[in-house]
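K.L.:
Attaching a single structure in structure tokens format; questions to follow.
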Amino acid sequence: MADHETVFPPGNGPTSGISVSLTAGTLQAIRKRVGKRGLSAYLERAAQRQIERDNLDELIADFDKTNGSAAPEAVAAKRAKLAGGTSSGAGAAT
């Protein structure tokens with residue numbers, strides 16, 4: 001059994017069996033994508049992505065608390081630059 005005092009980053013450490021409950025539709029959709037044997041790996045990757053998103057949300061909230069929220073126009077301009085377009089505002093979030 002794993003040492004419960006050891007801290008592992010997401011995606012590392014020994015595996016552990018747990019019981020989870022999913023709606024039938026969600027389970028069917030996952031199995032359709034990965035088959036029966038890919039279920040655990042799929043859920044592991046999904047959990048890791050969610051942890052990354054949660055960490056990013058916390059980082060953004062901390063930044064906003066310290067520096068104030070970014071202006072929507074600045075966000076749209078940066079989004080356009082990242083997408084390789086222009087900052088005309090087309091497709092920008094409102």
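Convention: chains lettered A, B, ... in structure tokens order; per-chain residue numbering from 1; ligands numbered from 1 as shown.
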From a DSSP calculation on the backbone, collect every residue of stretch 2-87 of chain A in helix (DSSP H, G or I) and output the set as a PyMOL selection string.

P.N.:
chain A and resi 24-34+36-67+72-83

K.L.:
Got a sec: who's within 10 Å of A:Ser69, counting only C-alpha atoms, leaving out chain neighbours fewer than 6 positions off, as a PyMOL selection string?

P.N.:
chain A and resi 60-61+63

K.L.:
Excluding stretch 35-52 of chain A and its own-chain neighbours fewer than 6 positions away, which residues fall within 12 Å of it when counting only C-alpha atoms? Please give them as a list in words.

P.N.:
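Near neighbours after the sequence-gap exclusion: Pro9, Pro10, Gly11, Asn12, Thr15, Ser16, Gly17, Ile18, Ser19, Val20, Ser21, Leu22, Thr26, Leu27, Gln28, Ala29, Glu58 and Leu59 of chain A.
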
K.L.:
In Å, with one decimal, what is the gap from atom CA of A:Gly13 to atom CA of A:Asp62?

P.N.:
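Computing it gives 29.0 Å between the two atoms.
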